[in-house]
$ cat structure.cif   # mmCIF, C-alpha atoms and all ligand atoms
data_start
#
loop_
_atom_site.label_atom_id
_atom_site.label_comp_id
_atom_site.auth_asym_id
_atom_site.auth_seq_id
_atom_site.Cartn_x
_atom_site.Cartn_y
_atom_site.Cartn_z
CA MET A 1 71.19 88.01 102.76
CA ASN A 2 73.33 84.97 102.10
CA VAL A 3 76.77 86.10 103.23
CA LEU A 4 80.01 84.26 102.53
CA VAL A 5 82.31 84.99 105.47
CA VAL A 6 85.84 84.29 104.31
CA GLY A 7 88.02 83.77 107.38
CA GLY A 8 84.83 83.20 109.40
CA ALA A 9 86.57 80.78 111.79
CA GLY A 10 89.06 83.47 112.81
CA TYR A 11 88.78 85.98 115.63
CA ILE A 12 86.85 88.87 114.07
CA GLY A 13 85.13 86.76 111.38
CA SER A 14 83.60 84.38 113.92
CA HIS A 15 82.14 87.27 115.91
CA CYS A 16 80.67 88.67 112.72
CA VAL A 17 79.14 85.29 111.85
CA ARG A 18 77.27 85.35 115.14
CA GLN A 19 76.04 88.90 114.57
CA LEU A 20 74.90 88.00 111.06
CA SER A 21 72.85 85.06 112.36
CA ALA A 22 71.38 87.22 115.13
CA ALA A 23 70.38 89.86 112.55
CA GLY A 24 68.52 87.24 110.48
CA HIS A 25 71.09 86.78 107.69
CA ARG A 26 72.51 83.40 106.59
CA PRO A 27 76.28 83.29 107.03
CA VAL A 28 78.30 80.62 105.21
CA VAL A 29 81.91 80.24 106.31
CA LEU A 30 84.95 79.63 104.13
CA ASP A 31 88.15 79.14 106.10
CA SER A 32 91.31 77.11 105.55
CA LEU A 33 91.66 76.76 109.35
CA VAL A 34 95.32 77.67 108.94
CA TYR A 35 94.76 79.94 111.95
CA GLY A 36 91.01 79.67 112.62
CA HIS A 37 89.08 77.25 114.82
CA ARG A 38 86.11 75.03 114.06
CA GLY A 39 84.91 75.62 117.61
CA ALA A 40 84.56 79.35 116.89
CA VAL A 41 81.64 78.69 114.53
CA ALA A 42 78.29 77.27 115.64
CA PRO A 43 77.62 73.78 114.18
CA SER A 44 74.42 75.15 112.60
CA VAL A 45 76.48 77.45 110.30
CA THR A 46 77.51 75.87 106.97
CA THR A 47 81.30 75.77 107.01
CA HIS A 48 83.57 74.96 104.09
CA VAL A 49 87.21 74.21 104.79
CA GLY A 50 89.20 75.51 101.84
CA ASP A 51 91.50 78.18 100.49
CA LEU A 52 90.09 81.47 99.25
CA GLY A 53 92.56 81.40 96.36
CA ASP A 54 91.06 78.20 94.93
CA GLU A 55 89.03 79.91 92.19
CA PRO A 56 87.03 76.96 90.80
CA ALA A 57 86.01 75.87 94.31
CA VAL A 58 85.05 79.43 95.29
CA VAL A 59 83.00 79.98 92.10
CA ASP A 60 81.18 76.75 92.84
CA LEU A 61 80.58 77.75 96.46
CA LEU A 62 79.30 81.23 95.58
CA THR A 63 76.89 79.77 93.06
CA ARG A 64 75.71 76.79 95.10
CA GLU A 65 75.10 78.83 98.25
CA LYS A 66 73.45 81.70 96.28
CA ILE A 67 75.76 84.23 97.92
CA ASP A 68 74.69 87.91 97.88
CA VAL A 69 77.63 89.46 99.75
CA VAL A 70 81.21 88.37 100.45
CA MET A 71 82.88 89.53 103.67
CA HIS A 72 86.62 89.01 103.57
CA PHE A 73 88.40 88.65 106.92
CA ALA A 74 91.01 86.08 105.88
CA ALA A 75 94.62 87.22 105.93
CA PHE A 76 97.93 86.67 107.58
CA CYS A 77 98.25 89.40 110.21
CA TYR A 78 101.69 89.30 111.87
CA VAL A 79 103.40 92.58 111.02
CA GLY A 80 106.88 91.38 112.05
CA GLU A 81 106.57 88.18 110.00
CA SER A 82 105.46 90.24 107.00
CA VAL A 83 108.83 92.00 107.17
CA THR A 84 110.88 88.79 107.39
CA ASP A 85 108.72 86.73 104.97
CA PRO A 86 107.02 89.26 102.66
CA LEU A 87 106.14 86.75 99.95
CA LYS A 88 103.97 84.78 102.37
CA TYR A 89 101.93 87.98 102.83
CA TYR A 90 101.81 89.05 99.19
CA LEU A 91 100.72 85.54 98.15
CA ASN A 92 97.94 85.19 100.73
CA ASN A 93 96.74 88.72 101.44
CA SER A 94 97.14 90.14 97.94
CA ALA A 95 97.34 87.37 95.31
CA ALA A 96 94.78 85.00 96.85
CA THR A 97 92.40 87.93 97.41
CA LEU A 98 92.66 88.85 93.72
CA HIS A 99 91.63 85.27 92.91
CA LEU A 100 88.69 85.65 95.29
CA LEU A 101 87.65 88.84 93.49
CA HIS A 102 87.97 87.08 90.14
CA ALA A 103 85.87 84.18 91.40
CA MET A 104 83.19 86.68 92.48
CA GLN A 105 83.24 88.22 89.01
CA GLU A 106 82.86 84.76 87.42
CA ALA A 107 79.95 83.92 89.72
CA GLY A 108 78.30 87.35 89.26
CA VAL A 109 78.57 88.35 92.95
CA ARG A 110 79.20 92.07 93.26
CA LYS A 111 78.93 93.05 96.93
CA PHE A 112 82.10 92.93 99.00
CA VAL A 113 83.14 93.98 102.51
CA PHE A 114 86.87 94.06 103.14
CA SER A 115 88.87 93.99 106.39
CA SER A 116 91.63 96.54 106.02
CA THR A 117 93.75 98.12 108.71
CA CYS A 118 95.05 101.38 110.12
CA ALA A 119 98.47 99.97 109.11
CA THR A 120 97.71 101.20 105.57
CA PHE A 121 98.37 104.73 106.86
CA GLY A 122 101.86 104.06 108.22
CA VAL A 123 102.96 106.85 110.54
CA PRO A 124 100.13 109.42 110.52
CA ASP A 125 100.91 113.10 110.30
CA LYS A 126 97.62 114.00 112.02
CA LEU A 127 95.56 112.62 114.89
CA PRO A 128 92.86 111.44 115.22
CA MET A 129 93.12 109.58 111.91
CA THR A 130 90.46 110.31 109.30
CA GLU A 131 89.85 108.38 106.08
CA THR A 132 91.46 111.13 104.02
CA LEU A 133 94.97 110.92 105.50
CA PRO A 134 97.69 109.86 103.06
CA GLN A 135 98.30 106.11 103.04
CA ALA A 136 101.97 105.13 103.25
CA PRO A 137 102.34 101.70 104.88
CA ILE A 138 105.68 100.98 106.55
CA ASN A 139 105.51 97.17 106.36
CA PRO A 140 104.43 94.53 103.80
CA TYR A 141 101.33 93.63 105.87
CA GLY A 142 99.96 97.17 105.51
CA GLN A 143 101.05 97.29 101.87
CA THR A 144 99.17 94.09 100.95
CA LYS A 145 95.99 95.57 102.39
CA LEU A 146 96.50 98.85 100.53
CA ASP A 147 97.09 96.89 97.31
CA ILE A 148 93.65 95.34 97.67
CA GLU A 149 92.03 98.69 98.51
CA ASN A 150 93.48 100.00 95.24
CA ALA A 151 92.31 96.98 93.23
CA LEU A 152 88.82 97.45 94.68
CA LYS A 153 88.77 101.12 93.67
CA ALA A 154 89.70 100.19 90.11
CA LEU A 155 86.97 97.52 89.95
CA ALA A 156 84.32 99.85 91.41
CA ARG A 157 85.24 102.57 88.92
CA VAL A 158 84.07 100.32 86.09
CA GLY A 159 81.05 99.05 88.01
CA LYS A 160 82.38 95.54 88.53
CA ILE A 161 82.04 95.62 92.31
CA SER A 162 80.30 97.54 95.12
CA PHE A 163 82.43 97.49 98.23
CA ALA A 164 83.08 98.83 101.70
CA THR A 165 86.49 98.72 103.32
CA PHE A 166 86.87 98.95 107.08
CA ARG A 167 90.23 99.99 108.45
CA TYR A 168 90.24 98.58 111.93
CA PHE A 169 92.40 99.90 114.71
CA ASN A 170 93.12 97.33 117.50
CA ALA A 171 90.38 94.71 117.61
CA ALA A 172 89.88 93.50 121.15
CA GLY A 173 87.50 91.82 123.59
CA ALA A 174 85.22 88.81 123.25
CA SER A 175 81.54 88.06 122.81
CA GLU A 176 79.54 89.26 125.80
CA ASP A 177 78.21 85.79 126.63
CA GLY A 178 81.79 84.52 126.84
CA THR A 179 81.31 81.70 124.31
CA ILE A 180 83.83 82.87 121.69
CA GLY A 181 86.88 85.06 121.95
CA GLU A 182 90.45 85.63 120.85
CA ASP A 183 92.66 82.55 120.37
CA HIS A 184 95.64 83.39 118.16
CA ASP A 185 98.70 81.14 118.01
CA PRO A 186 101.14 82.76 118.31
CA GLU A 187 99.42 85.54 120.26
CA THR A 188 100.99 88.98 119.97
CA HIS A 189 98.13 91.28 120.96
CA LEU A 190 98.60 93.21 124.18
CA ILE A 191 95.37 92.32 126.04
CA PRO A 192 95.54 88.50 125.68
CA VAL A 193 99.29 88.55 126.34
CA ALA A 194 98.80 90.61 129.52
CA ILE A 195 96.04 88.22 130.62
CA ASP A 196 98.39 85.26 130.02
CA VAL A 197 100.95 86.93 132.28
CA ALA A 198 98.34 87.66 134.94
CA ILE A 199 97.28 84.00 135.08
CA GLY A 200 100.84 82.68 135.00
CA LYS A 201 100.88 81.29 131.45
CA ARG A 202 103.77 83.62 130.55
CA PRO A 203 106.49 84.83 132.89
CA HIS A 204 106.30 88.53 131.99
CA LEU A 205 105.13 91.09 129.47
CA GLU A 206 107.69 92.96 127.42
CA LEU A 207 106.72 96.63 127.27
CA PHE A 208 108.33 98.10 124.16
CA GLY A 209 109.15 101.78 124.59
CA THR A 210 108.68 103.82 127.74
CA ASP A 211 110.03 107.13 126.43
CA TYR A 212 107.39 108.05 123.85
CA PRO A 213 106.05 111.62 123.91
CA THR A 214 102.81 110.40 125.55
CA PRO A 215 101.45 111.10 129.06
CA ASP A 216 102.98 107.92 130.58
CA GLY A 217 105.74 107.29 128.01
CA SER A 218 104.12 104.16 126.50
CA CYS A 219 102.41 103.93 123.08
CA LEU A 220 98.80 105.01 122.61
CA ARG A 221 96.52 102.68 120.66
CA ASP A 222 92.80 102.59 119.88
CA TYR A 223 91.13 99.38 121.16
CA VAL A 224 87.76 98.68 119.56
CA HIS A 225 85.49 95.84 120.65
CA VAL A 226 85.16 92.98 118.19
CA ASP A 227 81.35 93.06 118.40
CA ASP A 228 81.33 96.80 117.68
CA LEU A 229 83.44 96.08 114.57
CA SER A 230 81.08 93.30 113.51
CA ARG A 231 78.02 95.52 113.77
CA ALA A 232 79.53 98.00 111.31
CA HIS A 233 79.86 95.20 108.73
CA ILE A 234 76.14 94.58 108.81
CA ALA A 235 75.17 98.25 108.97
CA VAL A 236 77.03 98.84 105.69
CA PHE A 237 74.84 96.48 103.61
CA ASP A 238 72.52 99.30 102.56
CA LYS A 239 75.49 101.16 101.09
CA LEU A 240 76.31 98.32 98.69
CA THR A 241 73.15 98.43 96.61
CA GLU A 242 74.44 101.17 94.31
CA LYS A 243 76.50 99.94 91.34
CA GLY A 244 80.20 100.77 91.74
CA ALA A 245 79.82 101.91 95.36
CA ALA A 246 83.22 102.46 97.05
CA HIS A 247 83.19 103.21 100.77
CA PHE A 248 86.04 103.58 103.26
CA TYR A 249 85.63 103.76 107.03
CA ASN A 250 88.11 103.97 109.89
CA LEU A 251 86.85 102.01 112.89
CA GLY A 252 88.04 102.76 116.41
CA THR A 253 86.60 104.26 119.55
CA GLY A 254 88.64 107.43 119.08
CA THR A 255 89.74 107.25 122.70
CA PRO A 256 93.25 105.85 122.86
CA SER A 257 94.67 103.81 125.75
CA SER A 258 98.34 103.67 126.58
CA ASN A 259 100.05 100.31 126.94
CA ARG A 260 100.37 100.98 130.66
CA GLU A 261 96.64 101.77 130.92
CA VAL A 262 95.82 98.47 129.20
CA ILE A 263 98.06 96.61 131.64
CA ARG A 264 96.33 98.34 134.56
CA ALA A 265 92.91 97.40 133.11
CA VAL A 266 94.01 93.76 132.93
CA GLU A 267 95.25 93.90 136.53
CA LYS A 268 91.92 95.38 137.60
CA ALA A 269 89.85 92.77 135.73
CA THR A 270 91.90 89.76 136.83
CA GLY A 271 92.79 91.00 140.31
CA LYS A 272 96.37 89.91 139.61
CA LYS A 273 99.65 91.70 138.98
CA VAL A 274 101.09 91.73 135.45
CA LYS A 275 104.88 91.48 135.61
CA VAL A 276 106.36 93.96 133.12
CA VAL A 277 109.86 94.02 131.65
CA GLU A 278 110.63 97.38 130.08
CA SER A 279 112.40 97.21 126.70
CA PRO A 280 113.49 99.76 124.09
CA ARG A 281 111.09 100.95 121.41
CA ARG A 282 110.46 98.58 118.47
CA PRO A 283 111.35 100.06 115.10
CA GLY A 284 108.26 101.20 113.21
CA ASP A 285 105.96 101.59 116.24
CA PRO A 286 104.42 105.09 116.03
CA PRO A 287 103.81 106.83 119.39
CA ALA A 288 100.06 107.13 118.84
CA LEU A 289 97.41 105.69 116.52
CA TYR A 290 93.74 106.46 117.03
CA ALA A 291 90.75 106.81 114.81
CA ASP A 292 88.32 109.48 113.86
CA SER A 293 85.29 107.26 113.18
CA SER A 294 82.80 110.09 112.76
CA LYS A 295 82.19 109.04 109.13
CA ALA A 296 80.99 105.57 110.18
CA ILE A 297 78.90 107.10 112.97
CA ARG A 298 77.35 109.62 110.59
CA GLU A 299 76.81 107.43 107.52
CA LEU A 300 76.14 104.01 109.06
CA GLY A 301 74.58 105.02 112.38
CA TRP A 302 77.44 103.04 113.94
CA LYS A 303 77.44 103.09 117.74
CA VAL A 304 80.34 102.09 119.96
CA ARG A 305 78.87 99.99 122.77
CA PHE A 306 82.25 99.40 124.45
CA PRO A 307 83.81 102.88 124.60
CA ASP A 308 86.37 102.32 127.36
CA ILE A 309 89.25 99.92 127.91
CA ASP A 310 87.84 98.50 131.17
CA SER A 311 84.63 97.28 129.52
CA ILE A 312 86.58 95.76 126.61
CA VAL A 313 89.09 94.01 128.87
CA ALA A 314 86.25 92.69 131.07
CA THR A 315 84.83 90.73 128.11
CA ALA A 316 88.29 89.45 127.14
CA TRP A 317 88.91 88.30 130.70
CA ASN A 318 85.54 86.57 130.85
CA TRP A 319 86.52 84.52 127.77
CA HIS A 320 90.06 83.69 128.91
CA ARG A 321 88.93 82.85 132.44
CA THR A 322 86.37 80.35 131.18
CA HIS A 323 88.48 79.01 128.26
CA PRO A 324 92.06 78.77 129.53
CA ALA A 325 92.95 76.52 126.56
CA GLY A 326 91.10 78.71 124.03
CA PHE A 327 89.15 76.60 121.54
CA GLY A 328 91.43 73.65 122.30
CA GLY A 329 92.81 73.24 118.77
CA ARG A 330 91.85 73.97 115.19
N1 LIG A 401 92.92 91.66 114.91
C1 LIG A 401 93.14 92.97 114.69
O1 LIG A 401 93.38 93.75 115.62
C2 LIG A 401 93.08 93.52 113.29
C3 LIG A 401 93.37 94.88 113.10
C4 LIG A 401 93.30 95.40 111.81
C5 LIG A 401 92.91 94.58 110.74
N2 LIG A 401 92.65 93.27 110.96
C6 LIG A 401 92.25 92.42 109.83
O2 LIG A 401 91.06 91.74 110.17
C7 LIG A 401 91.03 90.45 109.57
C8 LIG A 401 90.73 89.41 110.63
O3 LIG A 401 91.72 89.44 111.66
P1 LIG A 401 91.71 88.35 112.81
O4 LIG A 401 92.43 88.94 113.96
O5 LIG A 401 90.34 87.84 112.98
O6 LIG A 401 92.64 87.23 112.17
P2 LIG A 401 92.56 85.65 112.37
O7 LIG A 401 93.89 85.09 112.02
O8 LIG A 401 91.98 85.30 113.69
O9 LIG A 401 91.50 85.21 111.25
C9 LIG A 401 91.84 85.07 109.90
C10 LIG A 401 91.20 83.80 109.40
O10 LIG A 401 91.49 83.67 108.00
C11 LIG A 401 91.81 82.32 107.73
N3 LIG A 401 92.63 82.32 106.52
C12 LIG A 401 93.84 82.89 106.33
N4 LIG A 401 94.26 82.68 105.07
C13 LIG A 401 93.29 81.98 104.42
C14 LIG A 401 93.13 81.49 103.11
N5 LIG A 401 94.07 81.65 102.18
N6 LIG A 401 91.98 80.84 102.79
C15 LIG A 401 91.00 80.66 103.72
N7 LIG A 401 91.11 81.10 104.99
C16 LIG A 401 92.24 81.76 105.34
C17 LIG A 401 92.51 81.83 108.97
O11 LIG A 401 92.45 80.42 109.12
C18 LIG A 401 91.73 82.54 110.08
O12 LIG A 401 90.64 81.77 110.53
C19 LIG A 401 92.38 90.28 108.88
O13 LIG A 401 92.20 90.54 107.52
C20 LIG A 401 93.26 91.34 109.52
O14 LIG A 401 94.24 91.79 108.62
C21 LIG A 401 92.72 92.71 112.21
#
$ encode --input "structure.cif" --output "structure tokens" --more "lines below"
Ligand SMILES: NC(=O)c1ccc[n+]([C@@H]2O[C@H](COP(=O)([O-])OP(=O)(O)OC[C@H]3O[C@@H](n4cnc5c(N)ncnc54)[C@H](O)[C@@H]3O)[C@@H](O)[C@H]2O)c1
Amino acid sequence: MNVLVVGGAGYIGSHCVRQLSAAGHRPVVLDSLVYGHRGAVAPSVTTHVGDLGDEPAVVDLLTREKIDVVMHFAAFCYVGESVTDPLKYYLNNSAATLHLLHAMQEAGVRKFVFSSTCATFGVPDKLPMTETLPQAPINPYGQTKLDIENALKALARVGKISFATFRYFNAAGASEDGTIGEDHDPETHLIPVAIDVAIGKRPHLELFGTDYPTPDGSCLRDYVHVDDLSRAHIAVFDKLTEKGAAHFYNLGTGTPSSNREVIRAVEKATGKKVKVVESPRRPGDPPALYADSSKAIRELGWKVRFPDIDSIVATAWNWHRTHPAGFGGR
């Protein structure tokens, strides 16, 4: 398959590009590099620097590269910023994505794989979280993703697209060979932040909320390895052959880790202490979020190869240890 990977120079997209190449597909990357890194993509992979909302350029790209499937990882992903600057999120995550979908329609490309998020569910009333839970996002980031899920449903209903949507929980870890990994700027994710503290790049880690109704009082989250996520994207190809296919999958390990457990895993991997400053809960942080991924396991034969936090953190540490400056720029 010729696969256009939109956002392919970003964290999850770049890992998927590698898996696509390894599986014998031909990935082509489209990324504006607003957050991504050239160094995250092998020089042998055709890479176009551009905006996914630029319809004429995208139509041209889809046609020229004879694209069969579009995988869409590109988005702005800072939940807090989406609250303070919602238009930035609606314009990029919703509006630009609608232009991408229109460009696909113009170019006659029908297969689409979309990166959604557990944030579309808001505060779940049941755990673990299945695909059928009500979706009620509590921030604009989650809402922009739900908007696209709804647009996709409408398009599939009239046979204009065949799509799969993956709602990731917390993507984490790095490629096993340590050549690519997570390099966000700013970085807000717990594992890389804890590693930064362990190696002295940050003075301390702020632990938000220590009085949750969880075993150790800190939040429970579901960390899923970035390569496990990527494999699901390739496994879903067979599901896209049917006209108007519409598939939704929650992707997590199903085994949550508390913030304190993650910190301990980082201390174990690095052999260094992570200085923690305890702070009050952040508004809008649910006590626990973890996935029921049995649908992906059943329908896609998806297998979690990194089921525990120690194995995930070990790969993250391997990347950060060998790349203290990340990719060293865009
Ligand atoms: N990281 C997580 O834990 C997580 C969890 C749930 C969902 N997701 C979703 O997964 C996807 C990938 O996340 P990530 O962590 O790899 O993010 P990332 O920021 O590392 O990657 C996103 C990429 O998209 C590019 N991009 C953004 N806007 C663009 C535009 N208009 N045109 C072209 N390129 C553009 C950026 O330059 C970047 O390379 C996102 O859609 C995110 O919402 C991520």
$ residues_near_point --input "structure.cif" --point "(94.5, 85.7, 126.6)" --cutoff "8 Å" --atoms "only C-alpha atoms" --output "JSON, numbers by chain"
{"A": [182, 183, 191, 192, 193, 194, 195, 196, 316, 317, 320, 324]}
$ atom_distance --input "structure.cif" --atom1 "CA of Arg167 in chain A" --atom2 "CA of Ser116 in chain A"
4.4 Å
$ residues_near_ligand --input "structure.cif" --ligand "ligand LIG 401 (chain A)" --cutoff "8 Å" --atoms "only C-alpha atoms and all ligand atoms" --output "mmCIF file with C-alpha atoms, in the frame of the given file"
data_model
loop_
_atom_site.group_PDB
_atom_site.id
_atom_site.type_symbol
_atom_site.label_atom_id
_atom_site.label_comp_id
_atom_site.auth_asym_id
_atom_site.auth_seq_id
_atom_site.Cartn_x
_atom_site.Cartn_y
_atom_site.Cartn_z
ATOM 1 C CA VAL A 6 85.840 84.290 104.310
ATOM 2 C CA GLY A 7 88.020 83.770 107.380
ATOM 3 C CA GLY A 8 84.830 83.200 109.400
ATOM 4 C CA ALA A 9 86.570 80.780 111.790
ATOM 5 C CA GLY A 10 89.060 83.470 112.810
ATOM 6 C CA TYR A 11 88.780 85.980 115.630
ATOM 7 C CA ILE A 12 86.850 88.870 114.070
ATOM 8 C CA GLY A 13 85.130 86.760 111.380
ATOM 9 C CA SER A 14 83.600 84.380 113.920
ATOM 10 C CA LEU A 30 84.950 79.630 104.130
ATOM 11 C CA ASP A 31 88.150 79.140 106.100
ATOM 12 C CA SER A 32 91.310 77.110 105.550
ATOM 13 C CA LEU A 33 91.660 76.760 109.350
ATOM 14 C CA VAL A 34 95.320 77.670 108.940
ATOM 15 C CA TYR A 35 94.760 79.940 111.950
ATOM 16 C CA GLY A 36 91.010 79.670 112.620
ATOM 17 C CA HIS A 37 89.080 77.250 114.820
ATOM 18 C CA VAL A 49 87.210 74.210 104.790
ATOM 19 C CA GLY A 50 89.200 75.510 101.840
ATOM 20 C CA ASP A 51 91.500 78.180 100.490
ATOM 21 C CA LEU A 52 90.090 81.470 99.250
ATOM 22 C CA GLY A 53 92.560 81.400 96.360
ATOM 23 C CA HIS A 72 86.620 89.010 103.570
ATOM 24 C CA PHE A 73 88.400 88.650 106.920
ATOM 25 C CA ALA A 74 91.010 86.080 105.880
ATOM 26 C CA ALA A 75 94.620 87.220 105.930
ATOM 27 C CA PHE A 76 97.930 86.670 107.580
ATOM 28 C CA CYS A 77 98.250 89.400 110.210
ATOM 29 C CA ASN A 92 97.940 85.190 100.730
ATOM 30 C CA ASN A 93 96.740 88.720 101.440
ATOM 31 C CA ALA A 96 94.780 85.000 96.850
ATOM 32 C CA PHE A 114 86.870 94.060 103.140
ATOM 33 C CA SER A 115 88.870 93.990 106.390
ATOM 34 C CA SER A 116 91.630 96.540 106.020
ATOM 35 C CA THR A 117 93.750 98.120 108.710
ATOM 36 C CA CYS A 118 95.050 101.380 110.120
ATOM 37 C CA ALA A 119 98.470 99.970 109.110
ATOM 38 C CA TYR A 141 101.330 93.630 105.870
ATOM 39 C CA LYS A 145 95.990 95.570 102.390
ATOM 40 C CA ARG A 167 90.230 99.990 108.450
ATOM 41 C CA TYR A 168 90.240 98.580 111.930
ATOM 42 C CA PHE A 169 92.400 99.900 114.710
ATOM 43 C CA ASN A 170 93.120 97.330 117.500
ATOM 44 C CA ALA A 171 90.380 94.710 117.610
ATOM 45 C CA ALA A 172 89.880 93.500 121.150
ATOM 46 C CA GLU A 182 90.450 85.630 120.850
ATOM 47 C CA ASP A 183 92.660 82.550 120.370
ATOM 48 C CA HIS A 184 95.640 83.390 118.160
ATOM 49 C CA HIS A 189 98.130 91.280 120.960
#
$ atom_distance --input "structure.cif" --atom1 "CA of Val224 in chain A" --atom2 "CA of Ala296 in chain A"
13.5 Å
$ closest_atom_pairs --input "structure.cif" --of "range 182-277 of chain A" --to "range 120-132 of chain A" --cutoff "12 Å" --atoms "only C-alpha atoms" --output "Markdown table"
| residue | atom | partner | partner_atom | distance |
| --- | --- | --- | --- | --- |
| A:Leu220 | CA | A:Leu127 | CA | 11.3 |
| A:Arg221 | CA | A:Pro128 | CA | 10.9 |
| A:Asp222 | CA | A:Pro128 | CA | 10.0 |
| A:His247 | CA | A:Glu131 | CA | 10.0 |
| A:Phe248 | CA | A:Glu131 | CA | 6.7 |
| A:Tyr249 | CA | A:Glu131 | CA | 6.3 |
| A:Asn250 | CA | A:Glu131 | CA | 6.1 |
| A:Leu251 | CA | A:Thr130 | CA | 9.7 |
| A:Gly252 | CA | A:Met129 | CA | 9.6 |
| A:Thr253 | CA | A:Pro128 | CA | 10.5 |
| A:Gly254 | CA | A:Pro128 | CA | 7.0 |
| A:Thr255 | CA | A:Pro128 | CA | 9.1 |
| A:Pro256 | CA | A:Pro128 | CA | 9.5 |
$ write_last_selection --input "structure.cif" --atoms "C-alpha atoms" --output "PDB file, in the coordinates of the input"
ATOM      1  CA  LEU A 220      98.800 105.010 122.610  1.00  0.00           C
ATOM      2  CA  ARG A 221      96.520 102.680 120.660  1.00  0.00           C
ATOM      3  CA  ASP A 222      92.800 102.590 119.880  1.00  0.00           C
ATOM      4  CA  HIS A 247      83.190 103.210 100.770  1.00  0.00           C
ATOM      5  CA  PHE A 248      86.040 103.580 103.260  1.00  0.00           C
ATOM      6  CA  TYR A 249      85.630 103.760 107.030  1.00  0.00           C
ATOM      7  CA  ASN A 250      88.110 103.970 109.890  1.00  0.00           C
ATOM      8  CA  LEU A 251      86.850 102.010 112.890  1.00  0.00           C
ATOM      9  CA  GLY A 252      88.040 102.760 116.410  1.00  0.00           C
ATOM     10  CA  THR A 253      86.600 104.260 119.550  1.00  0.00           C
ATOM     11  CA  GLY A 254      88.640 107.430 119.080  1.00  0.00           C
ATOM     12  CA  THR A 255      89.740 107.250 122.700  1.00  0.00           C
ATOM     13  CA  PRO A 256      93.250 105.850 122.860  1.00  0.00           C
TER      14      PRO A 256
END
$ atom_distance --input "structure.cif" --atom1 "CA of Thr315 in chain A" --atom2 "CA of Gly209 in chain A"
26.9 Å
$ residues_around --input "structure.cif" --residues "Asn259 in chain A" --least-positions-apart "5" --cutoff "10 Å" --atoms "all atoms listed in the file" --output "list of chain:residue names"
A:Leu190, A:Ile191, A:Leu207, A:Phe208, A:Gly209, A:Thr210, A:Asp216, A:Gly217, A:Ser218, A:Cys219, A:Leu220, A:Arg221, A:Arg264, A:Ala265
$ residues_around --input "structure.cif" --residues "Ala151 in chain A" --least-positions-apart "5" --cutoff "9 Å" --atoms "all atoms listed in the file" --output "ChimeraX atom specification"
/A:98,146,156
$ residues_around --input "structure.cif" --residues "Ala246 in chain A" --least-positions-apart "6" --cutoff "7 Å" --atoms "all atoms listed in the file" --output "PyMOL selection string"
chain A and resi 153+156+162-164
$ closest_residue --input "structure.cif" --among "A:Gly181, A:Pro134, A:Pro286, A:Pro56" --to "His323 in chain A" --atoms "only C-alpha atoms"
A:Gly181
$ residues_around --input "structure.cif" --residues "Met1 in chain A" --least-positions-apart "2" --cutoff "12 Å" --atoms "only C-alpha atoms" --output "PyMOL selection string"
chain A and resi 3-5+20-21+23-28+65-71+111+234+237-238
$ write_last_selection --input "structure.cif" --atoms "C-alpha atoms" --output "compact mmCIF listing (two decimals), in the frame of the given file"
# COMPACT_ATOMS: atom_id res chain seq x y z
CA VAL A 3 76.77 86.10 103.23
CA LEU A 4 80.01 84.26 102.53
CA VAL A 5 82.31 84.99 105.47
CA LEU A 20 74.90 88.00 111.06
CA SER A 21 72.85 85.06 112.36
CA ALA A 23 70.38 89.86 112.55
CA GLY A 24 68.52 87.24 110.48
CA HIS A 25 71.09 86.78 107.69
CA ARG A 26 72.51 83.40 106.59
CA PRO A 27 76.28 83.29 107.03
CA VAL A 28 78.30 80.62 105.21
CA GLU A 65 75.10 78.83 98.25
CA LYS A 66 73.45 81.70 96.28
CA ILE A 67 75.76 84.23 97.92
CA ASP A 68 74.69 87.91 97.88
CA VAL A 69 77.63 89.46 99.75
CA VAL A 70 81.21 88.37 100.45
CA MET A 71 82.88 89.53 103.67
CA LYS A 111 78.93 93.05 96.93
CA ILE A 234 76.14 94.58 108.81
CA PHE A 237 74.84 96.48 103.61
CA ASP A 238 72.52 99.30 102.56
$ residues_around --input "structure.cif" --residues "range 297-301 of chain A" --least-positions-apart "5" --cutoff "8 Å" --atoms "all atoms listed in the file" --output "short mmCIF file (atom, residue, chain, number, x, y, z; two decimals) with C-alpha atoms, in the frame of the given file"
data_model
loop_
_atom_site.label_atom_id
_atom_site.label_comp_id
_atom_site.auth_asym_id
_atom_site.auth_seq_id
_atom_site.Cartn_x
_atom_site.Cartn_y
_atom_site.Cartn_z
CA ALA A 232 79.53 98.00 111.31
CA ALA A 235 75.17 98.25 108.97
CA VAL A 236 77.03 98.84 105.69
#
$ closest_residue --input "structure.cif" --among "A:Ala95, A:Lys273, A:Ile161, A:Asn318" --to "Ile148 in chain A" --atoms "all atoms listed in the file"
A:Ala95
$ closest_residue --input "structure.cif" --among "A:Ala103, A:Leu61, A:Leu205, A:Val17" --to "Val45 in chain A" --atoms "only C-alpha atoms"
A:Val17
$ closest_residue --input "structure.cif" --among "A:Ile312, A:Ala174, A:Val304, A:Leu91" --to "Tyr223 in chain A" --atoms "only C-alpha atoms"
A:Ile312
$ closest_residue --input "structure.cif" --among "A:His48, A:Gly200, A:Ala57, A:Ala245" --to "Val113 in chain A" --atoms "all atoms listed in the file"
A:Ala245
$ closest_residue --input "structure.cif" --among "A:Asp285, A:Asp147, A:Asp228, A:Glu106" --to "Lys303 in chain A" --atoms "only C-alpha atoms"
A:Asp228
